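Everything below belongs to run06.csv, which stores CSV, C-alpha atoms.
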```csv
chain,number,residue,atom,x,y,z
A,1,MET,CA,97.8,138.3,54.5
A,2,SER,CA,100.3,136.6,56.9
A,3,ASP,CA,100.8,132.9,57.1
A,4,ALA,CA,98.8,132.8,60.4
A,5,ASP,CA,95.9,134.7,58.8
A,6,ALA,CA,95.9,132.4,55.8
A,7,ARG,CA,95.8,129.4,58.1
A,8,THR,CA,92.9,130.8,60.0
A,9,ARG,CA,91.0,131.6,56.9
A,10,ALA,CA,91.6,128.1,55.4
A,11,VAL,CA,90.1,126.5,58.5
A,12,GLU,CA,87.1,128.9,58.3
A,13,TRP,CA,86.5,128.0,54.7
A,14,PHE,CA,86.8,124.3,55.5
A,15,VAL,CA,84.2,124.5,58.3
A,16,LEU,CA,81.8,126.4,56.0
A,17,LEU,CA,82.1,124.1,53.0
A,18,ALA,CA,82.1,120.9,55.1
A,19,SER,CA,78.8,122.0,56.7
A,20,GLY,CA,77.0,121.5,53.3
A,21,ASN,CA,75.4,124.9,53.6
A,22,ALA,CA,77.7,127.0,51.5
A,23,THR,CA,75.9,128.9,48.8
A,24,PRO,CA,77.1,128.9,45.2
A,25,GLN,CA,78.3,132.5,45.8
A,26,GLU,CA,80.3,131.4,48.8
A,27,ARG,CA,81.8,128.5,46.8
A,28,ARG,CA,82.9,131.0,44.1
A,29,GLU,CA,84.4,133.2,46.8
A,30,TRP,CA,86.3,130.2,48.2
A,31,ALA,CA,87.6,129.4,44.7
A,32,ALA,CA,88.8,133.0,44.3
A,33,TRP,CA,90.5,133.0,47.7
A,34,HIS,CA,92.2,129.7,46.9
A,35,ALA,CA,93.5,131.0,43.5
A,36,ALA,CA,94.5,134.4,44.8
A,37,ASP,CA,97.8,133.4,46.5
A,38,PRO,CA,100.0,130.3,46.5
A,39,ALA,CA,100.1,130.7,50.3
A,40,HIS,CA,96.4,130.1,50.4
A,41,GLN,CA,96.8,126.9,48.4
A,42,VAL,CA,99.5,125.7,50.8
A,43,GLU,CA,97.3,126.3,53.8
A,44,TRP,CA,94.3,124.6,52.2
A,45,GLU,CA,96.4,121.5,51.4
A,46,ARG,CA,97.4,121.3,55.0
A,47,VAL,CA,93.7,121.4,56.1
A,48,GLU,CA,93.0,118.7,53.6
A,49,ARG,CA,95.9,116.6,54.8
A,50,VAL,CA,94.4,116.7,58.3
A,51,GLN,CA,90.9,116.0,57.0
A,52,ARG,CA,92.1,112.9,55.1
A,53,MET,CA,93.9,111.6,58.2
A,54,MET,CA,90.6,111.6,60.1
A,55,SER,CA,88.5,108.6,59.3
A,56,GLY,CA,85.5,110.3,61.0
A,57,VAL,CA,85.4,113.0,58.3
A,58,PRO,CA,83.7,112.1,55.0
A,59,ALA,CA,86.2,111.5,52.2
A,60,ASP,CA,84.1,113.5,49.8
A,61,LEU,CA,85.2,116.7,51.6
A,62,ALA,CA,88.4,116.7,49.6
A,63,SER,CA,89.2,119.6,47.2
A,64,PRO,CA,87.7,118.3,44.0
A,65,THR,CA,84.3,117.9,45.7
A,66,LEU,CA,84.5,121.3,47.4
A,67,ARG,CA,85.0,122.8,44.0
A,68,ARG,CA,81.5,121.8,42.9
A,69,PRO,CA,78.1,122.5,44.4
A,70,ALA,CA,76.8,120.0,47.0
A,71,PRO,CA,73.2,119.3,47.9
A,72,ARG,CA,71.9,121.6,50.6
A,73,ARG,CA,71.0,120.2,53.9
A,74,ARG,CA,68.2,121.4,56.0
A,75,GLN,CA,68.9,124.7,57.6
A,76,LEU,CA,68.1,123.2,61.0
A,77,LEU,CA,71.3,121.1,60.8
A,78,LYS,CA,73.6,123.9,59.9
A,79,SER,CA,74.8,124.8,63.4
A,80,ALA,CA,75.3,121.2,64.4
A,81,ALA,CA,77.2,120.4,61.2
A,82,ILE,CA,79.6,123.3,61.5
A,83,ALA,CA,80.2,122.6,65.2
A,84,GLY,CA,80.8,118.9,64.5
A,85,THR,CA,83.1,119.5,61.6
A,86,ALA,CA,85.1,122.0,63.7
A,87,SER,CA,85.4,119.5,66.5
A,88,VAL,CA,86.6,116.7,64.3
A,89,LEU,CA,89.1,119.0,62.5
A,90,GLY,CA,90.3,120.2,65.9
A,91,TYR,CA,90.8,116.6,67.1
A,92,GLY,CA,92.7,115.8,63.9
A,93,LEU,CA,95.0,118.8,64.4
A,94,TRP,CA,95.6,117.6,68.0
A,95,ARG,CA,96.5,114.2,66.8
A,96,GLU,CA,98.8,115.4,64.0
A,97,SER,CA,100.6,117.9,66.3
A,98,ASP,CA,101.2,115.1,68.9
A,99,GLY,CA,101.9,117.3,71.9
A,100,LEU,CA,102.7,120.5,70.0
A,101,GLY,CA,100.8,123.7,70.6
A,102,THR,CA,98.2,125.2,68.3
A,103,SER,CA,100.7,127.4,66.5
A,104,ALA,CA,102.4,124.2,65.3
A,105,TRP,CA,99.3,122.5,63.8
A,106,PHE,CA,100.1,123.5,60.2
A,107,ALA,CA,103.8,123.7,60.4
A,108,ASP,CA,105.8,122.5,57.4
A,109,HIS,CA,107.9,120.1,59.4
A,110,ARG,CA,107.0,118.5,62.8
A,111,THR,CA,108.5,115.9,65.2
A,112,ALA,CA,106.4,114.1,67.7
A,113,THR,CA,107.4,113.6,71.3
A,114,GLY,CA,110.5,111.4,71.5
A,115,GLU,CA,111.2,111.8,67.8
A,116,GLN,CA,114.1,113.6,66.0
A,117,HIS,CA,114.5,114.5,62.3
A,118,ARG,CA,117.4,115.7,60.1
A,119,LEU,CA,116.2,118.2,57.5
A,120,ALA,CA,118.3,119.2,54.5
A,121,LEU,CA,117.5,122.6,53.2
A,122,ALA,CA,117.7,123.7,49.5
A,123,ASP,CA,120.9,125.7,50.0
A,124,GLY,CA,122.8,122.9,51.6
A,125,SER,CA,122.2,123.9,55.2
A,126,VAL,CA,121.1,121.2,57.6
A,127,VAL,CA,118.6,121.5,60.5
A,128,VAL,CA,118.3,118.8,63.1
A,129,MET,CA,114.9,118.9,64.8
A,130,ASN,CA,114.6,117.7,68.4
A,131,THR,CA,111.5,116.2,70.2
A,132,ALA,CA,108.1,118.0,69.8
A,133,THR,CA,109.4,120.6,67.4
A,134,ALA,CA,107.5,122.5,64.7
A,135,LEU,CA,109.2,124.5,61.9
A,136,ASP,CA,108.3,126.4,58.8
A,137,VAL,CA,110.7,126.9,55.9
A,138,ARG,CA,110.3,129.7,53.4
A,139,PHE,CA,113.0,130.4,50.8
A,140,ASP,CA,112.3,133.4,48.5
A,141,ALA,CA,114.3,136.0,46.5
A,142,GLN,CA,115.0,138.1,49.6
A,143,ALA,CA,115.8,135.6,52.4
A,144,ARG,CA,116.2,132.0,53.5
A,145,SER,CA,113.6,132.1,56.3
A,146,LEU,CA,112.7,129.6,59.0
A,147,ARG,CA,110.0,129.9,61.6
A,148,LEU,CA,110.4,128.0,64.8
A,149,HIS,CA,107.0,127.7,66.4
A,150,GLU,CA,108.2,125.6,69.3
A,151,GLY,CA,110.8,123.0,70.2
A,152,GLU,CA,114.5,122.8,69.6
A,153,ILE,CA,116.7,122.9,66.5
A,154,PHE,CA,120.4,122.7,65.7
A,155,ILE,CA,121.4,124.5,62.5
A,156,GLU,CA,124.6,123.9,60.4
A,157,THR,CA,124.6,126.5,57.7
A,158,ALA,CA,125.8,125.9,54.2
A,159,THR,CA,128.7,128.2,55.0
A,160,ALA,CA,129.7,126.1,58.1
A,161,LEU,CA,129.4,122.9,56.0
A,162,GLY,CA,131.1,124.2,53.0
A,163,ALA,CA,128.1,123.3,50.9
A,164,ALA,CA,127.2,124.7,47.5
A,165,GLY,CA,125.0,127.4,49.0
A,166,ALA,CA,127.8,128.9,51.0
A,167,ARG,CA,127.9,131.8,48.6
A,168,ASP,CA,124.2,132.4,48.8
A,169,PRO,CA,123.8,136.2,49.4
A,170,ARG,CA,120.4,135.8,51.0
A,171,PRO,CA,120.4,136.0,54.8
A,172,LEU,CA,119.5,132.9,56.7
A,173,ILE,CA,117.2,133.9,59.5
A,174,VAL,CA,115.1,132.1,62.1
A,175,ASP,CA,112.0,133.8,63.4
A,176,THR,CA,110.2,133.1,66.7
A,177,ALA,CA,107.4,134.8,68.6
A,178,VAL,CA,109.9,136.7,70.7
A,179,GLY,CA,112.7,137.5,68.3
A,180,ARG,CA,114.8,136.9,65.2
A,181,VAL,CA,118.2,135.2,64.9
A,182,ARG,CA,120.4,135.8,61.8
A,183,ALA,CA,123.2,133.4,61.1
A,184,LEU,CA,126.6,134.8,60.4
A,185,GLY,CA,128.1,131.6,58.9
A,186,THR,CA,127.7,129.3,61.9
A,187,ARG,CA,126.5,126.3,63.8
A,188,PHE,CA,124.0,127.2,66.5
A,189,LEU,CA,121.1,125.9,68.6
A,190,LEU,CA,117.7,127.4,69.3
A,191,ARG,CA,115.3,126.2,72.0
A,192,PHE,CA,111.9,127.8,72.2
A,193,GLU,CA,109.4,126.8,74.8
A,194,ASP,CA,107.0,128.7,77.2
A,195,ARG,CA,107.5,131.8,75.1
A,196,ARG,CA,111.2,131.9,76.0
A,197,LEU,CA,114.0,131.4,73.4
A,198,ASN,CA,117.5,130.2,74.3
A,199,VAL,CA,120.2,130.8,71.7
A,200,ALA,CA,123.6,129.0,71.9
A,201,VAL,CA,126.4,129.4,69.4
A,202,VAL,CA,128.8,126.5,68.7
A,203,ASP,CA,130.8,128.1,65.8
A,204,SER,CA,131.1,131.6,64.5
A,205,ALA,CA,128.3,134.0,65.5
A,206,VAL,CA,124.7,135.1,65.2
A,207,GLU,CA,122.8,138.3,65.5
A,208,ILE,CA,119.8,138.4,67.7
A,209,ARG,CA,117.0,141.0,67.4
A,210,SER,CA,114.1,140.9,69.9
A,211,THR,CA,110.6,141.9,69.1
A,212,ARG,CA,111.2,145.1,71.1
A,213,GLY,CA,114.1,146.1,68.9
A,214,ALA,CA,117.1,145.1,71.1
A,215,VAL,CA,120.1,143.8,69.1
A,216,ARG,CA,122.9,141.5,70.4
A,217,ARG,CA,125.8,139.7,68.7
A,218,LEU,CA,126.4,136.3,70.1
A,219,ASP,CA,129.8,134.6,69.5
A,220,ALA,CA,131.0,131.0,69.6
A,221,GLY,CA,130.8,129.5,73.1
A,222,GLN,CA,128.1,131.9,74.3
A,223,GLN,CA,124.4,131.5,75.0
A,224,VAL,CA,121.6,133.9,76.0
A,225,GLY,CA,117.9,133.8,76.8
A,226,VAL,CA,115.4,136.0,75.0
A,227,ASP,CA,111.8,136.7,76.0
A,228,GLU,CA,109.0,139.1,75.0
A,229,THR,CA,110.6,142.1,76.8
A,230,SER,CA,114.4,141.7,76.6
A,231,ILE,CA,117.6,139.8,75.7
A,232,GLY,CA,119.1,138.4,78.9
A,233,ARG,CA,122.7,138.3,80.1
A,234,THR,CA,125.2,136.6,77.8
A,235,GLU,CA,126.7,133.4,79.5
A,236,SER,CA,129.2,130.8,78.6
A,237,ILE,CA,128.0,127.4,77.3
A,238,SER,CA,128.4,124.6,79.8
A,239,GLY,CA,128.6,121.0,78.7
A,240,ASP,CA,127.8,119.5,75.4
A,241,MET,CA,124.6,121.2,74.3
A,242,THR,CA,124.6,119.3,71.0
A,243,ALA,CA,124.7,115.9,72.5
A,244,TRP,CA,121.0,115.4,71.9
A,245,THR,CA,121.7,115.4,68.1
A,246,GLY,CA,123.5,112.1,68.7
A,247,GLY,CA,120.6,110.8,70.9
A,248,SER,CA,122.2,111.5,74.3
A,249,LEU,CA,121.8,113.7,77.3
A,250,ILE,CA,125.2,114.2,78.9
A,251,VAL,CA,125.3,115.7,82.4
A,252,ASP,CA,128.0,116.3,85.0
A,253,ASN,CA,126.9,116.7,88.7
A,254,ALA,CA,123.4,117.8,87.6
A,255,ARG,CA,120.4,117.9,89.9
A,256,LEU,CA,118.2,114.8,89.4
A,257,GLY,CA,115.2,117.0,89.2
A,258,ASP,CA,116.7,118.8,86.2
A,259,VAL,CA,117.7,115.5,84.5
A,260,VAL,CA,114.2,114.0,85.0
A,261,ALA,CA,112.6,117.3,83.6
A,262,GLU,CA,114.8,117.0,80.5
A,263,LEU,CA,113.9,113.3,80.0
A,264,ASP,CA,110.3,114.2,80.4
A,265,ARG,CA,110.5,116.2,77.1
A,266,TYR,CA,111.2,112.9,75.2
A,267,ARG,CA,108.5,110.8,76.9
A,268,ARG,CA,104.8,110.8,76.1
A,269,GLY,CA,102.7,111.4,79.2
A,270,ARG,CA,104.1,112.8,82.4
A,271,LEU,CA,107.4,112.0,84.1
A,272,GLY,CA,107.9,113.7,87.5
A,273,CYS,CA,110.4,113.7,90.2
A,274,ASP,CA,109.6,113.5,93.9
A,275,PRO,CA,111.1,116.5,95.8
A,276,ARG,CA,112.7,114.2,98.3
A,277,VAL,CA,115.2,113.0,95.7
A,278,SER,CA,115.3,116.0,93.3
A,279,GLU,CA,118.5,117.4,94.8
A,280,LEU,CA,120.5,114.2,94.3
A,281,ARG,CA,123.5,114.7,91.9
A,282,VAL,CA,123.8,112.9,88.6
A,283,SER,CA,126.6,112.4,86.1
A,284,GLY,CA,126.6,110.3,83.0
A,285,ALA,CA,125.2,109.9,79.5
A,286,PHE,CA,121.5,108.9,79.1
A,287,PRO,CA,119.7,107.9,75.8
A,288,VAL,CA,117.0,110.5,75.2
A,289,LEU,CA,115.3,108.3,72.5
A,290,ASP,CA,114.9,105.4,75.0
A,291,VAL,CA,113.7,107.1,78.2
A,292,ASP,CA,112.8,103.8,79.9
A,293,ARG,CA,116.4,102.7,79.5
A,294,ALA,CA,117.6,106.0,80.9
A,295,LEU,CA,115.3,105.6,83.9
A,296,SER,CA,116.6,102.0,84.5
A,297,ALA,CA,120.1,103.5,84.6
A,298,LEU,CA,119.0,106.0,87.2
A,299,GLU,CA,117.5,103.2,89.3
A,300,ALA,CA,120.8,101.2,89.1
A,301,THR,CA,123.0,104.1,90.2
A,302,LEU,CA,120.9,106.1,92.6
A,303,PRO,CA,118.8,105.3,95.7
A,304,VAL,CA,115.6,105.8,93.7
A,305,ARG,CA,112.8,103.8,92.0
A,306,VAL,CA,110.5,104.6,89.1
A,307,ASP,CA,106.8,104.4,90.1
A,308,ARG,CA,104.9,103.7,86.9
A,309,ALA,CA,101.2,104.3,87.5
A,310,ASN,CA,100.6,103.4,83.9
A,311,ALA,CA,102.3,103.6,80.5
A,312,TYR,CA,102.0,107.4,80.5
A,313,TRP,CA,102.4,108.5,84.1
A,314,ALA,CA,105.7,107.8,86.0
A,315,THR,CA,107.4,109.4,89.0
A,316,VAL,CA,111.0,109.0,90.3
A,317,ARG,CA,110.7,108.4,94.0
A,318,PRO,CA,113.0,107.4,96.9
A,319,ARG,CA,113.8,103.7,96.9
A,320,GLY,CA,111.7,102.0,99.6
A,321,ALA,CA,109.2,104.8,99.7
```
Please express the file's structure as structure tokens.
Amino acid sequence: MSDADARTRAVEWFVLLASGNATPQERREWAAWHAADPAHQVEWERVERVQRMMSGVPADLASPTLRRPAPRRRQLLKSAAIAGTASVLGYGLWRESDGLGTSAWFADHRTATGEQHRLALADGSVVVMNTATALDVRFDAQARSLRLHEGEIFIETATALGAAGARDPRPLIVDTAVGRVRALGTRFLLRFEDRRLNVAVVDSAVEIRSTRGAVRRLDAGQQVGVDETSIGRTESISGDMTAWTGGSLIVDNARLGDVVAELDRYRRGRLGCDPRVSELRVSGAFPVLDVDRALSALEATLPVRVDRANAYWATVRPRGA
């Protein structure tokens, strides 16, 4: 059973057991499923973590209680109980993901909108996670595997860092829904959004393999886009694509519309740009973890103003409009 299948099954078991209508046989079947595979236990713990986070879900739904029979409720309440539990769990998952898509609900590691995180892996490699990113980590005897559900990461492998795991013979690979990237002793960036993957190599090289079987080697200073059907044209990296790891967005003669769209990734709610000013050119360094300060800098240097309808909705418009 794949990780995705195990996650789906864990939620199904949770809904059934939380309804109070599970039979003794169904509880035994849940216990057998739970014990059959360590992956099942991992996914069940994730469901419990979300459940505990939600104050609206009874605390006695935790694992110890689920392992013993509960009083049966009237059959008339069964459908309502299941629907209500599923709704509460879904809301909890939405809160926990904080802007991430459904595939990221149960990820091992997540960052919220406007948050970054530095993750040290067991082999000495380091992953820096950007805003609204979800990542799974699975090290086993065959491979050091990461799964990027969505968002952006910068990887410095143990080899690149000269860490103890530099001699680890297991390949370091990153999987996404559209392809796989294998590190060849390197520093590289991956950005996956809207089912499109952008790969950029800072040092050394990577090997890219699309879901359709296309293979491409990408060397230092190169980047490429990958989608569900193909690997795009290899291009040169422009600018400092790793600046976000230091909390900055650095641009040189960029479109204001593009700058605002990038800042929008780090701000909860919606940040838009009026078409009347979207073609203005911008140069400078802007703090991505303090978007309001970045917007103030734009107001100070360009003929624009930021129209804040509320705390979550803002638009960059022409000054005086």
Practice item. Write out as number ranges by chain each polymer residue whose atoms come within 10 Å of stretch 160-162 of chain A, counting all atoms listed in the file; drop sequence neighbours fewer than 2 positions from it. Key: A: 124-126, 155-158, 164-167, 184-187, 203-204
Review point. Taking (120.5, 116.9, 66.4) in the file's coordinates, which residues come within 8 Å, counting only C-alpha atoms, written as a PyMOL selection string?
Key: chain A and resi 116-118+127-130+153-154+242-247
Exercise for review: Quick one: residues within 10 Å of (111.1, 143.6, 78.5) (file frame), counting all atoms listed in the file, please, as a list in words.
Suggested key: Ser210, Thr211, Arg212, Ala214, Val226, Asp227, Glu228, Thr229, Ser230, Ile231 and Gly232 of chain A
What would the file look like if the residues just selected were written as a short mmCIF file (atom, residue, chain, number, x, y, z; two decimals), in the coordinates of the input with C-alpha atoms?
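Here's the written file part_39.cif:
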```
data_model
loop_
_atom_site.label_atom_id
_atom_site.label_comp_id
_atom_site.auth_asym_id
_atom_site.auth_seq_id
_atom_site.Cartn_x
_atom_site.Cartn_y
_atom_site.Cartn_z
CA SER A 210 114.10 140.90 69.90
CA THR A 211 110.60 141.90 69.10
CA ARG A 212 111.20 145.10 71.10
CA ALA A 214 117.10 145.10 71.10
CA VAL A 226 115.40 136.00 75.00
CA ASP A 227 111.80 136.70 76.00
CA GLU A 228 109.00 139.10 75.00
CA THR A 229 110.60 142.10 76.80
CA SER A 230 114.40 141.70 76.60
CA ILE A 231 117.60 139.80 75.70
CA GLY A 232 119.10 138.40 78.90
#
```
Practice item. Can you work out which one of A:Asp168, A:Asp274, A:Glu193, A:Asp108 has the shortest atom-to-atom distance to A:Ala122, counting all atoms listed in the file? Key: A:Asp168
Review point. So, counting all atoms listed in the file, which residue among A:Gly239, A:Gly213, A:Pro318, A:Pro275 is closest to A:Leu302?
Key: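 Residue with the minimum atom-to-atom distance to A:Leu302: A:Pro318.
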Exercise for review: Determine, counting all atoms listed in the file, which protein, DNA and RNA residues have an atom within 8 Å of an atom of A:Gly221; residues of the same chain fewer than 3 positions away are not included. Present the result as a list in words.
Suggested key: Ala200, Val201, Val202, Asp203, Ser236 and Ile237 of chain A
Point to revise | Residue nearest A:Ala39 among A:Arg319, A:Val15, A:Arg138, A:Arg255 (counting all atoms listed in the file) | key: A:Arg138
**Study point:** Gap from atom CA of A:Arg265 to atom CA of A:Leu189 - Å, one decimal
**Key:**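 So the two atoms, atom CA of A:Arg265 and atom CA of A:Leu189, lie 16.7 Å apart.
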**Study point:** Pick from A:Pro169, A:Asn253, A:Arg191, A:Arg182 nearest to A:Leu135, counting all atoms listed in the file
**Key:**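 Among the listed residues, the smallest separation from A:Leu135 belongs to A:Arg191.
With all atoms listed in the file as the atoms that count, the residue of A:Arg233, A:Ser278, A:Thr159, A:Gly114 with the shortest distance to A:Asp292 is A:Gly114.
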**Study point:** Point-to-point distance in Å for atom CA of A:Glu279 and atom CA of A:Asp307
**Key:**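 Rounded to one decimal, the two atoms are 18.1 Å apart.
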Review point. What separation in Å, quoted to one decimal, exists between atom CA of A:Ile250 and atom CA of A:Phe286?
Key: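 Rounded to one decimal, the two atoms are 6.5 Å apart.
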Exercise for review: Please identify all polymer residues within 9 Å of A:Thr315, counting only C-alpha atoms, omitting same-chain residues fewer than 2 positions from it, and present them as a list in words.
Suggested key: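 My list of contacting residues is Arg270, Leu271, Gly272, Cys273, Asp274, Arg305, Val306, Asp307, Arg308, Ala309, Trp313 and Arg317 of chain A.
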